[in-house]
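Participant: This is protein01.cif (mmCIF, C-alpha atoms and all ligand atoms).
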```cif
data_run
loop_
_atom_site.group_PDB
_atom_site.id
_atom_site.type_symbol
_atom_site.label_atom_id
_atom_site.label_comp_id
_atom_site.auth_asym_id
_atom_site.auth_seq_id
_atom_site.Cartn_x
_atom_site.Cartn_y
_atom_site.Cartn_z
ATOM 1 C CA ILE A 242 108.598 12.360 120.599
ATOM 2 C CA LEU A 243 109.817 9.543 122.871
ATOM 3 C CA SER A 244 112.882 11.186 124.326
ATOM 4 C CA GLY A 245 113.210 10.235 127.998
ATOM 5 C CA ARG A 246 110.989 7.151 127.523
ATOM 6 C CA THR A 247 112.110 3.563 127.997
ATOM 7 C CA ALA A 248 110.775 0.527 126.134
ATOM 8 C CA LEU A 249 110.941 -3.247 125.981
ATOM 9 C CA VAL A 250 109.965 -5.015 122.756
ATOM 10 C CA THR A 251 109.719 -8.790 123.092
ATOM 11 C CA GLY A 252 110.678 -10.931 120.113
ATOM 12 C CA SER A 253 112.670 -8.038 118.647
ATOM 13 C CA THR A 254 115.554 -9.974 117.095
ATOM 14 C CA SER A 255 113.639 -10.196 113.797
ATOM 15 C CA GLY A 256 110.527 -9.236 111.853
ATOM 16 C CA ILE A 257 107.872 -6.938 113.278
ATOM 17 C CA GLY A 258 109.477 -6.661 116.730
ATOM 18 C CA LEU A 259 112.792 -5.488 115.279
ATOM 19 C CA GLY A 260 110.965 -2.926 113.124
ATOM 20 C CA ILE A 261 109.083 -1.569 116.150
ATOM 21 C CA ALA A 262 112.244 -1.488 118.298
ATOM 22 C CA LYS A 263 114.110 0.494 115.601
ATOM 23 C CA LEU A 264 111.332 3.035 115.123
ATOM 24 C CA LEU A 265 110.858 3.599 118.875
ATOM 25 C CA ALA A 266 114.630 4.083 119.200
ATOM 26 C CA GLU A 267 114.666 6.539 116.255
ATOM 27 C CA ALA A 268 111.873 8.434 118.030
ATOM 28 C CA GLY A 269 114.138 8.845 121.061
ATOM 29 C CA ALA A 270 113.302 5.925 123.357
ATOM 30 C CA LYS A 271 115.881 3.720 125.055
ATOM 31 C CA VAL A 272 114.952 0.199 123.949
ATOM 32 C CA MET A 273 115.617 -3.233 125.447
ATOM 33 C CA LEU A 274 115.601 -6.131 122.974
ATOM 34 C CA ASN A 275 114.571 -9.760 123.483
ATOM 35 C CA GLY A 276 114.279 -12.874 121.353
ATOM 36 C CA PHE A 277 116.073 -15.883 119.992
ATOM 37 C CA GLY A 278 118.338 -16.206 116.969
ATOM 38 C CA LYS A 279 121.866 -16.930 115.802
ATOM 39 C CA PRO A 280 124.477 -14.954 117.787
ATOM 40 C CA GLU A 281 125.326 -12.874 114.699
ATOM 41 C CA GLU A 282 121.627 -12.027 114.110
ATOM 42 C CA ILE A 283 121.220 -10.916 117.716
ATOM 43 C CA ALA A 284 124.426 -8.870 117.511
ATOM 44 C CA ARG A 285 123.203 -7.191 114.295
ATOM 45 C CA ALA A 286 119.824 -6.318 115.879
ATOM 46 C CA ARG A 287 121.594 -4.864 118.949
ATOM 47 C CA GLN A 288 123.856 -2.762 116.725
ATOM 48 C CA GLU A 289 121.032 -1.519 114.455
ATOM 49 C CA VAL A 290 118.789 -0.493 117.352
ATOM 50 C CA GLY A 291 121.802 0.782 119.312
ATOM 51 C CA ALA A 292 122.774 3.037 116.384
ATOM 52 C CA ALA A 293 119.257 4.500 116.372
ATOM 53 C CA MET A 294 119.681 5.178 120.121
ATOM 54 C CA GLY A 295 123.114 6.723 119.674
ATOM 55 C CA ALA A 296 124.762 3.819 121.527
ATOM 56 C CA ALA A 297 127.162 1.050 120.474
ATOM 57 C CA GLU A 298 124.482 -1.556 121.072
ATOM 58 C CA ALA A 299 121.013 -1.873 122.575
ATOM 59 C CA PRO A 300 120.582 -3.856 125.799
ATOM 60 C CA TYR A 301 119.269 -7.370 125.273
ATOM 61 C CA SER A 302 117.547 -10.071 127.338
ATOM 62 C CA GLY A 303 117.628 -13.675 126.165
ATOM 63 C CA ALA A 304 114.584 -14.591 128.286
ATOM 64 C CA ASP A 305 112.550 -17.561 127.085
ATOM 65 C CA LEU A 306 109.014 -16.218 127.228
ATOM 66 C CA SER A 307 107.506 -19.663 127.641
ATOM 67 C CA LYS A 308 108.869 -19.507 131.231
ATOM 68 C CA PRO A 309 106.979 -17.093 133.553
ATOM 69 C CA GLU A 310 109.988 -16.716 135.882
ATOM 70 C CA GLN A 311 112.155 -15.590 132.952
ATOM 71 C CA VAL A 312 109.476 -13.109 131.849
ATOM 72 C CA ARG A 313 109.489 -11.535 135.318
ATOM 73 C CA GLN A 314 113.298 -11.445 135.333
ATOM 74 C CA MET A 315 113.306 -9.739 131.906
ATOM 75 C CA ILE A 316 111.074 -6.944 133.257
ATOM 76 C CA GLN A 317 113.401 -6.476 136.258
ATOM 77 C CA GLU A 318 116.479 -6.506 134.003
ATOM 78 C CA THR A 319 114.896 -3.862 131.777
ATOM 79 C CA GLN A 320 114.066 -1.610 134.729
ATOM 80 C CA ALA A 321 117.622 -2.044 136.014
ATOM 81 C CA ALA A 322 119.251 -1.390 132.611
ATOM 82 C CA LEU A 323 117.052 1.560 131.546
ATOM 83 C CA GLY A 324 115.982 2.981 134.919
ATOM 84 C CA SER A 325 112.275 2.328 134.245
ATOM 85 C CA LEU A 326 109.900 0.634 131.831
ATOM 86 C CA ASP A 327 107.428 3.029 130.204
ATOM 87 C CA ILE A 328 106.501 1.158 127.018
ATOM 88 C CA LEU A 329 105.921 -2.593 126.877
ATOM 89 C CA VAL A 330 105.415 -4.172 123.462
ATOM 90 C CA ASN A 331 104.385 -7.822 123.737
ATOM 91 C CA ASN A 332 105.306 -9.036 120.271
ATOM 92 C CA ALA A 333 107.022 -12.458 120.499
ATOM 93 C CA GLY A 334 104.992 -15.215 118.903
ATOM 94 C CA ILE A 335 105.152 -18.594 117.202
ATOM 95 C CA GLN A 336 102.821 -20.527 114.902
ATOM 96 C CA PHE A 337 101.941 -24.150 114.236
ATOM 97 C CA VAL A 338 99.373 -25.413 111.741
ATOM 98 C CA ALA A 339 97.462 -28.732 111.990
ATOM 99 C CA PRO A 340 93.870 -29.991 112.243
ATOM 100 C CA ILE A 341 92.619 -30.104 115.858
ATOM 101 C CA GLU A 342 92.639 -33.915 116.106
ATOM 102 C CA GLU A 343 96.301 -33.975 115.062
ATOM 103 C CA PHE A 344 97.414 -30.827 116.911
ATOM 104 C CA PRO A 345 100.298 -31.835 119.232
ATOM 105 C CA ASP A 346 99.610 -31.043 122.911
ATOM 106 C CA ASP A 347 103.094 -29.623 123.429
ATOM 107 C CA LYS A 348 102.695 -27.220 120.476
ATOM 108 C CA PHE A 349 99.335 -26.081 121.853
ATOM 109 C CA ASP A 350 100.867 -25.434 125.289
ATOM 110 C CA ALA A 351 103.897 -23.613 123.825
ATOM 111 C CA ILE A 352 101.741 -21.290 121.694
ATOM 112 C CA MET A 353 99.456 -20.464 124.635
ATOM 113 C CA ALA A 354 102.522 -19.815 126.846
ATOM 114 C CA ILE A 355 104.491 -17.631 124.403
ATOM 115 C CA ASN A 356 101.717 -15.891 122.430
ATOM 116 C CA PHE A 357 99.333 -15.333 125.359
ATOM 117 C CA ALA A 358 100.447 -16.108 128.940
ATOM 118 C CA SER A 359 103.779 -14.270 128.569
ATOM 119 C CA ASN A 360 101.796 -11.071 127.898
ATOM 120 C CA PHE A 361 100.009 -11.528 131.245
ATOM 121 C CA HIS A 362 103.224 -12.114 133.194
ATOM 122 C CA ALA A 363 104.973 -9.158 131.544
ATOM 123 C CA ILE A 364 102.046 -6.761 132.063
ATOM 124 C CA LYS A 365 101.611 -7.872 135.679
ATOM 125 C CA ALA A 366 105.289 -7.230 136.408
ATOM 126 C CA ALA A 367 105.484 -3.924 134.483
ATOM 127 C CA LEU A 368 102.293 -2.209 135.741
ATOM 128 C CA PRO A 369 103.444 -1.230 139.264
ATOM 129 C CA GLY A 370 106.348 0.817 137.810
ATOM 130 C CA MET A 371 104.077 2.455 135.205
ATOM 131 C CA LYS A 372 101.535 3.326 137.934
ATOM 132 C CA ALA A 373 104.278 4.774 140.148
ATOM 133 C CA ARG A 374 105.432 7.026 137.252
ATOM 134 C CA ASN A 375 101.829 7.614 136.138
ATOM 135 C CA TRP A 376 102.521 6.967 132.481
ATOM 136 C CA GLY A 377 102.599 3.797 130.457
ATOM 137 C CA ARG A 378 101.923 2.270 127.071
ATOM 138 C CA ILE A 379 101.194 -1.432 126.657
ATOM 139 C CA ILE A 380 100.913 -2.701 123.100
ATOM 140 C CA ASN A 381 100.066 -6.313 122.419
ATOM 141 C CA ILE A 382 100.780 -7.526 118.895
ATOM 142 C CA ALA A 383 97.771 -9.747 118.315
ATOM 143 C CA SER A 384 96.698 -10.578 114.738
ATOM 144 C CA ALA A 385 93.730 -10.554 112.399
ATOM 145 C CA HIS A 386 93.444 -13.998 113.970
ATOM 146 C CA GLY A 387 92.655 -12.233 117.260
ATOM 147 C CA LEU A 388 89.327 -11.270 115.683
ATOM 148 C CA ILE A 389 88.522 -14.045 113.191
ATOM 149 C CA ALA A 390 89.449 -17.689 112.686
ATOM 150 C CA SER A 391 91.122 -19.725 109.978
ATOM 151 C CA PRO A 392 91.157 -23.514 109.960
ATOM 152 C CA PHE A 393 94.091 -25.515 111.362
ATOM 153 C CA LYS A 394 95.347 -22.718 113.627
ATOM 154 C CA VAL A 395 93.464 -23.625 116.812
ATOM 155 C CA ALA A 396 96.206 -22.622 119.257
ATOM 156 C CA TYR A 397 97.226 -19.425 117.436
ATOM 157 C CA VAL A 398 93.640 -18.203 116.926
ATOM 158 C CA SER A 399 92.714 -19.026 120.548
ATOM 159 C CA ALA A 400 95.825 -17.346 121.950
ATOM 160 C CA LYS A 401 95.369 -14.207 119.832
ATOM 161 C CA HIS A 402 91.650 -13.909 120.766
ATOM 162 C CA ALA A 403 92.728 -14.241 124.412
ATOM 163 C CA VAL A 404 95.295 -11.460 123.900
ATOM 164 C CA VAL A 405 92.504 -9.163 122.640
ATOM 165 C CA GLY A 406 90.380 -10.031 125.720
ATOM 166 C CA MET A 407 93.295 -9.372 128.063
ATOM 167 C CA THR A 408 93.999 -6.058 126.309
ATOM 168 C CA LYS A 409 90.439 -4.891 127.040
ATOM 169 C CA THR A 410 90.676 -5.968 130.696
ATOM 170 C CA VAL A 411 93.981 -4.189 131.298
ATOM 171 C CA ALA A 412 92.556 -1.097 129.573
ATOM 172 C CA VAL A 413 89.488 -0.884 131.810
ATOM 173 C CA GLU A 414 91.576 -1.509 134.952
ATOM 174 C CA THR A 415 93.935 1.361 134.031
ATOM 175 C CA ALA A 416 91.386 3.647 132.331
ATOM 176 C CA GLN A 417 91.651 6.417 134.946
ATOM 177 C CA THR A 418 95.441 6.545 134.771
ATOM 178 C CA ALA A 419 97.801 7.790 132.048
ATOM 179 C CA ILE A 420 98.420 4.177 131.044
ATOM 180 C CA THR A 421 96.872 2.744 127.882
ATOM 181 C CA CYS A 422 96.715 -0.824 126.638
ATOM 182 C CA ASN A 423 95.908 -1.677 123.019
ATOM 183 C CA ALA A 424 96.196 -4.560 120.607
ATOM 184 C CA ILE A 425 97.418 -4.296 117.019
ATOM 185 C CA CYS A 426 95.845 -6.845 114.687
ATOM 186 C CA PRO A 427 97.883 -7.186 111.483
ATOM 187 C CA GLY A 428 96.953 -9.224 108.466
ATOM 188 C CA PHE A 429 99.800 -10.834 106.509
ATOM 189 C CA VAL A 430 102.976 -8.808 107.080
ATOM 190 C CA ARG A 431 105.968 -9.058 104.744
ATOM 191 C CA THR A 432 108.657 -10.832 106.803
ATOM 192 C CA PRO A 433 111.254 -13.364 105.623
ATOM 193 C CA LEU A 434 109.223 -16.247 107.067
ATOM 194 C CA ALA A 435 106.002 -15.132 105.400
ATOM 195 C CA GLU A 436 107.774 -14.574 102.057
ATOM 196 C CA ALA A 437 109.177 -18.106 102.277
ATOM 197 C CA GLN A 438 105.598 -19.383 102.596
ATOM 198 C CA VAL A 439 104.779 -17.807 99.211
ATOM 199 C CA LYS A 440 107.655 -19.655 97.537
ATOM 200 C CA THR A 441 106.493 -22.953 99.091
ATOM 201 C CA LEU A 442 102.862 -22.378 98.053
ATOM 202 C CA ALA A 443 103.917 -21.493 94.482
ATOM 203 C CA LYS A 444 105.870 -24.752 94.178
ATOM 204 C CA GLU A 445 103.142 -26.880 95.795
ATOM 205 C CA HIS A 446 100.411 -25.488 93.527
ATOM 206 C CA ASN A 447 102.628 -25.035 90.466
ATOM 207 C CA VAL A 448 101.686 -21.373 90.022
ATOM 208 C CA SER A 449 103.694 -18.147 89.855
ATOM 209 C CA GLU A 450 104.787 -16.503 93.104
ATOM 210 C CA GLU A 451 102.538 -13.547 92.271
ATOM 211 C CA ALA A 452 99.519 -15.848 91.926
ATOM 212 C CA ALA A 453 100.467 -17.747 95.092
ATOM 213 C CA LEU A 454 100.602 -14.467 96.990
ATOM 214 C CA LYS A 455 97.301 -13.022 95.725
ATOM 215 C CA ASP A 456 95.155 -16.127 95.343
ATOM 216 C CA LEU A 457 96.521 -18.422 98.070
ATOM 217 C CA LEU A 458 98.265 -16.593 100.916
ATOM 218 C CA LEU A 459 96.269 -13.344 100.670
ATOM 219 C CA VAL A 460 93.011 -15.055 99.709
ATOM 220 C CA HIS A 461 91.228 -13.290 102.624
ATOM 221 C CA GLN A 462 93.167 -9.993 102.462
ATOM 222 C CA PRO A 463 91.131 -7.841 100.041
ATOM 223 C CA SER A 464 93.956 -5.370 99.372
ATOM 224 C CA LYS A 465 95.972 -8.273 97.843
ATOM 225 C CA ARG A 466 99.177 -6.690 99.086
ATOM 226 C CA TRP A 467 101.461 -7.270 102.036
ATOM 227 C CA ILE A 468 101.285 -5.107 105.133
ATOM 228 C CA GLU A 469 104.816 -3.753 105.626
ATOM 229 C CA VAL A 470 106.682 -4.012 108.957
ATOM 230 C CA GLU A 471 107.167 -0.230 108.842
ATOM 231 C CA GLU A 472 103.382 0.301 108.743
ATOM 232 C CA VAL A 473 102.869 -1.813 111.884
ATOM 233 C CA ALA A 474 105.748 0.020 113.587
ATOM 234 C CA GLN A 475 104.191 3.406 112.739
ATOM 235 C CA MET A 476 100.920 2.293 114.358
ATOM 236 C CA ALA A 477 102.850 1.284 117.497
ATOM 237 C CA LEU A 478 104.641 4.656 117.500
ATOM 238 C CA TYR A 479 101.310 6.481 117.248
ATOM 239 C CA LEU A 480 100.060 4.533 120.295
ATOM 240 C CA CYS A 481 103.140 5.706 122.252
ATOM 241 C CA GLY A 482 102.859 9.316 121.104
ATOM 242 C CA PRO A 483 101.339 12.409 122.682
ATOM 243 C CA ASN A 484 97.942 12.280 120.928
ATOM 244 C CA SER A 485 96.807 8.736 121.666
ATOM 245 C CA GLY A 486 95.954 8.945 125.382
ATOM 246 C CA GLY A 487 92.254 8.415 124.650
ATOM 247 C CA VAL A 488 92.855 5.243 122.670
ATOM 248 C CA THR A 489 92.734 2.303 125.064
ATOM 249 C CA GLY A 490 91.239 -1.180 124.959
ATOM 250 C CA ALA A 491 91.204 -1.056 121.160
ATOM 251 C CA ALA A 492 91.981 -3.882 118.785
ATOM 252 C CA LEU A 493 93.355 -1.913 115.844
ATOM 253 C CA SER A 494 93.225 -3.730 112.538
ATOM 254 C CA ILE A 495 95.951 -3.204 109.929
ATOM 255 C CA ASP A 496 94.930 -5.928 107.532
ATOM 256 C CA GLY A 497 94.046 -4.529 104.094
ATOM 257 C CA GLY A 498 90.330 -4.974 104.833
ATOM 258 C CA TRP A 499 90.443 -8.622 106.000
ATOM 259 C CA TYR A 500 88.364 -8.150 109.177
ATOM 260 C CA ALA A 501 85.914 -5.887 107.362
ATOM 261 C CA SER A 502 85.218 -8.511 104.733
HETATM 262 P P1 LIG B 601 109.298 -13.596 113.670
HETATM 263 O O1 LIG B 601 109.368 -15.068 113.715
HETATM 264 O O2 LIG B 601 110.088 -12.833 112.654
HETATM 265 O O3 LIG B 601 109.612 -12.995 115.105
HETATM 266 C C1 LIG B 601 109.217 -13.626 116.285
HETATM 267 C C2 LIG B 601 110.111 -13.184 117.414
HETATM 268 O O4 LIG B 601 109.728 -13.878 118.618
HETATM 269 C C3 LIG B 601 111.596 -13.540 117.169
HETATM 270 O O5 LIG B 601 112.406 -12.503 117.662
HETATM 271 C C4 LIG B 601 111.778 -14.802 118.004
HETATM 272 O O6 LIG B 601 113.111 -15.015 118.408
HETATM 273 C C5 LIG B 601 110.887 -14.473 119.189
HETATM 274 N N1 LIG B 601 110.514 -15.631 119.989
HETATM 275 C C6 LIG B 601 109.947 -16.796 119.593
HETATM 276 N N2 LIG B 601 109.796 -17.635 120.644
HETATM 277 C C7 LIG B 601 110.293 -16.986 121.728
HETATM 278 C C8 LIG B 601 110.430 -17.315 123.111
HETATM 279 N N3 LIG B 601 110.038 -18.511 123.608
HETATM 280 N N4 LIG B 601 111.002 -16.419 123.939
HETATM 281 C C9 LIG B 601 111.436 -15.215 123.467
HETATM 282 N N5 LIG B 601 111.310 -14.843 122.176
HETATM 283 C C10 LIG B 601 110.747 -15.713 121.319
HETATM 284 O O7 LIG B 601 107.723 -13.256 113.508
HETATM 285 P P2 LIG B 601 106.913 -11.936 113.121
HETATM 286 O O8 LIG B 601 106.192 -12.244 111.872
HETATM 287 O O9 LIG B 601 107.740 -10.726 113.207
HETATM 288 O O10 LIG B 601 105.816 -11.945 114.287
HETATM 289 C C11 LIG B 601 105.844 -11.087 115.405
HETATM 290 C C12 LIG B 601 104.450 -11.061 116.033
HETATM 291 O O11 LIG B 601 103.506 -10.577 115.096
HETATM 292 C C13 LIG B 601 103.955 -12.438 116.482
HETATM 293 O O12 LIG B 601 103.247 -12.320 117.709
HETATM 294 C C14 LIG B 601 103.013 -12.824 115.360
HETATM 295 O O13 LIG B 601 102.023 -13.726 115.793
HETATM 296 C C15 LIG B 601 102.423 -11.477 114.997
HETATM 297 N N6 LIG B 601 101.867 -11.407 113.649
HETATM 298 C C16 LIG B 601 102.633 -11.647 112.543
HETATM 299 C C17 LIG B 601 102.048 -11.554 111.286
HETATM 300 C C18 LIG B 601 102.835 -11.776 110.012
HETATM 301 O O14 LIG B 601 102.216 -11.862 108.946
HETATM 302 N N7 LIG B 601 104.149 -11.855 110.041
HETATM 303 C C19 LIG B 601 100.675 -11.235 111.173
HETATM 304 C C20 LIG B 601 99.950 -11.001 112.325
HETATM 305 C C21 LIG B 601 100.546 -11.084 113.562
#
```
Would you mind writing the file's structure down as structure tokens?
Ligand code: NAD

Facilitator:
Amino acid sequence: ILSGRTALVTGSTSGIGLGIAKLLAEAGAKVMLNGFGKPEEIARARQEVGAAMGAAEAPYSGADLSKPEQVRQMIQETQAALGSLDILVNNAGIQFVAPIEEFPDDKFDAIMAINFASNFHAIKAALPGMKARNWGRIINIASAHGLIASPFKVAYVSAKHAVVGMTKTVAVETAQTAITCNAICPGFVRTPLAEAQVKTLAKEHNVSEEAALKDLLLVHQPSKRWIEVEEVAQMALYLCGPNSGGVTGAALSIDGGWYAS
């Protein structure tokens, strides 16, 4: 369903971004990757997504999204490598956890820059091309924390709420075009980093990993099960597909009932 479309997925060297990049490529899109990682991890991601595209490897930008100039360059590189940029998935993100009084200023600034401001710079640079081609899909990977708060995550929760606000603004500015802008708000998604947190919690609290998952990590996620990367990727694919043109400005929860509760 995406044949002839071009896409950039930020933070696609691992986790959710890699899952989205693979699924968009399997659906026929040409996909540009971005993100940090060990050289062999980046090479593996390029090969995996490349294979789905029928190429030796997918194109890749090593842009540091905390730097607005590099974000703009990444958009230009994508347009040069793929001929256009039809689908922009703002996914890259980092986390840091501390009480407000102890929250380091540099961590706060980095989270606002990567998780929030980079979305603005990327959207601003990508929109003129989408308007010229009169088609576009912008998907911002926010979080359940774009809609509700948890303690000790002041920067992350603020940045993700801001992403939801920006999503709505972009949507109303583009509402009369064939461009849509939506946010996806996942609860806890099974990724290597998140699974490592379960092991740490189990040790700290001297409980089984199953109990640590259900009673500690997923304490607010009523389903008591992980959201899978594939499920988030399928939601992104739906937003890029032929039947989602009327969905814009939405913050779509995929959180096992967390926001509802
Ligand atoms: P991850 O750590 O596996 O992936 C993050 C990606 O961002 C990596 O590719 C990393 O290299 C990249 N990145 C980090 N800093 C960067 C920078 N300065 N410049 C360029 N790339 C950078 O994490 P994930 O769990 O897959 O998270 C992806 C997104 O989903 C994030 O925005 C996160 O906040 C959001 N999210 C995750 C969960 C979850 O439970 N895993 C839940 C809700 C929302």

Participant: Please identify all polymer residues within 12 Å of range 394-405 of chain A, counting only C-alpha atoms, omitting same-chain residues fewer than 5 positions from it, and present them as a PyMOL selection string.

Facilitator: chain A and resi 331-361+364+379-389+410-412+422-427+489-494

Participant: Could you spell out the hits of the PyMOL selection byres (((chain A and resi 283) around 12) and not hetatm) on the shown file, as a list in words?

Facilitator: Gly252, Ser253, Thr254, Ser255, Leu259, Leu274, Asn275, Gly276, Phe277, Gly278, Lys279, Pro280, Glu281, Glu282, Ala284, Arg285, Ala286, Arg287, Gln288, Glu289, Val290, Gly291, Glu298, Ala299, Pro300, Tyr301, Ser302 and Gly303 of chain A

Participant: Can you tell me how far atom O2 of ligand LIG 601 (chain B) sits from CA of Leu249 in chain A, in Å to one decimal?

Facilitator: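 For atom O2 of ligand LIG 601 (chain B) relative to CA of Leu249 in chain A, the distance reads 16.4 Å.
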
Participant: Can you list what the PyMOL selection byres (((chain A and resi 310-318) around 9) and not hetatm) grabs from this structure, as a list in words?

Facilitator: Leu249, Asn275, Ser302, Gly303, Ala304, Asp305, Leu306, Ser307, Lys308, Pro309, Thr319, Gln320, Ala321, Ala322, Leu323, Leu326, Ser359, Asn360, His362, Ala363, Lys365, Ala366 and Ala367 of chain A

Participant: Take every atom of ligand LIG 601 (chain B) listed in the file, fit an axis-aligned box around them, add 3 Å per side, and give the centre and edge lengths in Å to one decimal as lines of an AutoDock Vina configuration file.

Facilitator:
```
center_x = 106.5
center_y = -14.5
center_z = 116.4
size_x = 19.2
size_y = 13.9
size_z = 21.0
```

Participant: Contacts of Pro463 in chain A at 9 Å or less, counting only C-alpha atoms, minus same-chain residues fewer than 3 places along, as a list in words?

Facilitator: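 The filter keeps Leu459, Val460, Arg466, Asp496, Gly497, Gly498, Trp499 and Ser502 of chain A.
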
Participant: Would you mind telling me which residue in A:Asn484, A:Gln475, A:Ser464, A:Thr432 lies nearest to ligand LIG 601 (chain B) when using only C-alpha atoms and all ligand atoms?

Facilitator: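 Looking only at the distances to ligand LIG 601 (chain B), the closest residue turns out to be A:Thr432.
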
Participant: Which residue, A:Arg431, A:Lys409, A:His461, A:Lys444, has the smallest gap to ligand LIG 601 (chain B) when you use only C-alpha atoms and all ligand atoms?

Facilitator: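 Among the listed residues, A:Arg431 lies closest to ligand LIG 601 (chain B).
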
Participant: Can we get range 444-496 of chain A of that structure written down with C-alpha atoms, as a CSV table (one decimal), in the first residue's frame?

Facilitator:
```
chain,number,residue,atom,x,y,z
A,444,LYS,CA,16.3,-7.7,42.0
A,445,GLU,CA,15.6,-4.4,43.8
A,446,HIS,CA,12.3,-5.6,45.3
A,447,ASN,CA,13.3,-9.2,45.6
A,448,VAL,CA,10.3,-10.5,43.6
A,449,SER,CA,9.9,-12.6,40.5
A,450,GLU,CA,10.3,-11.0,37.1
A,451,GLU,CA,6.6,-11.8,36.5
A,452,ALA,CA,5.6,-9.9,39.6
A,453,ALA,CA,7.9,-7.0,38.9
A,454,LEU,CA,6.3,-6.7,35.4
A,455,LYS,CA,2.7,-6.8,36.6
A,456,ASP,CA,2.8,-5.1,39.9
A,457,LEU,CA,5.7,-2.6,39.5
A,458,LEU,CA,6.4,-1.7,35.9
A,459,LEU,CA,2.8,-2.1,34.6
A,460,VAL,CA,1.2,-0.9,37.8
A,461,HIS,CA,-0.8,1.6,35.8
A,462,GLN,CA,-1.3,-0.5,32.6
A,463,PRO,CA,-4.6,-2.4,33.3
A,464,SER,CA,-4.0,-5.0,30.6
A,465,LYS,CA,-0.9,-6.2,32.6
A,466,ARG,CA,0.9,-7.1,29.4
A,467,TRP,CA,3.4,-5.4,27.2
A,468,ILE,CA,2.5,-3.5,24.1
A,469,GLU,CA,4.5,-5.1,21.3
A,470,VAL,CA,6.6,-3.1,18.8
A,471,GLU,CA,4.7,-4.7,16.0
A,472,GLU,CA,1.4,-3.3,17.3
A,473,VAL,CA,2.7,0.2,17.4
A,474,ALA,CA,4.2,-0.2,13.9
A,475,GLN,CA,0.8,-1.5,12.6
A,476,MET,CA,-0.9,1.7,14.0
A,477,ALA,CA,1.7,3.8,12.2
A,478,LEU,CA,1.1,1.9,8.9
A,479,TYR,CA,-2.7,2.4,9.3
A,480,LEU,CA,-2.0,6.2,9.6
A,481,CYS,CA,0.0,6.1,6.3
A,482,GLY,CA,-2.6,4.0,4.5
A,483,PRO,CA,-5.4,4.9,2.1
A,484,ASN,CA,-8.2,4.9,4.6
A,485,SER,CA,-6.9,7.3,7.3
A,486,GLY,CA,-7.1,10.6,5.5
A,487,GLY,CA,-9.8,11.8,8.0
A,488,VAL,CA,-7.7,11.0,11.0
A,489,THR,CA,-5.7,14.1,11.9
A,490,GLY,CA,-4.8,15.9,15.1
A,491,ALA,CA,-5.4,12.7,17.1
A,492,ALA,CA,-3.5,11.4,20.0
A,493,LEU,CA,-4.0,7.7,19.6
A,494,SER,CA,-3.5,5.6,22.7
A,495,ILE,CA,-2.1,2.1,22.5
A,496,ASP,CA,-1.6,1.5,26.2
```
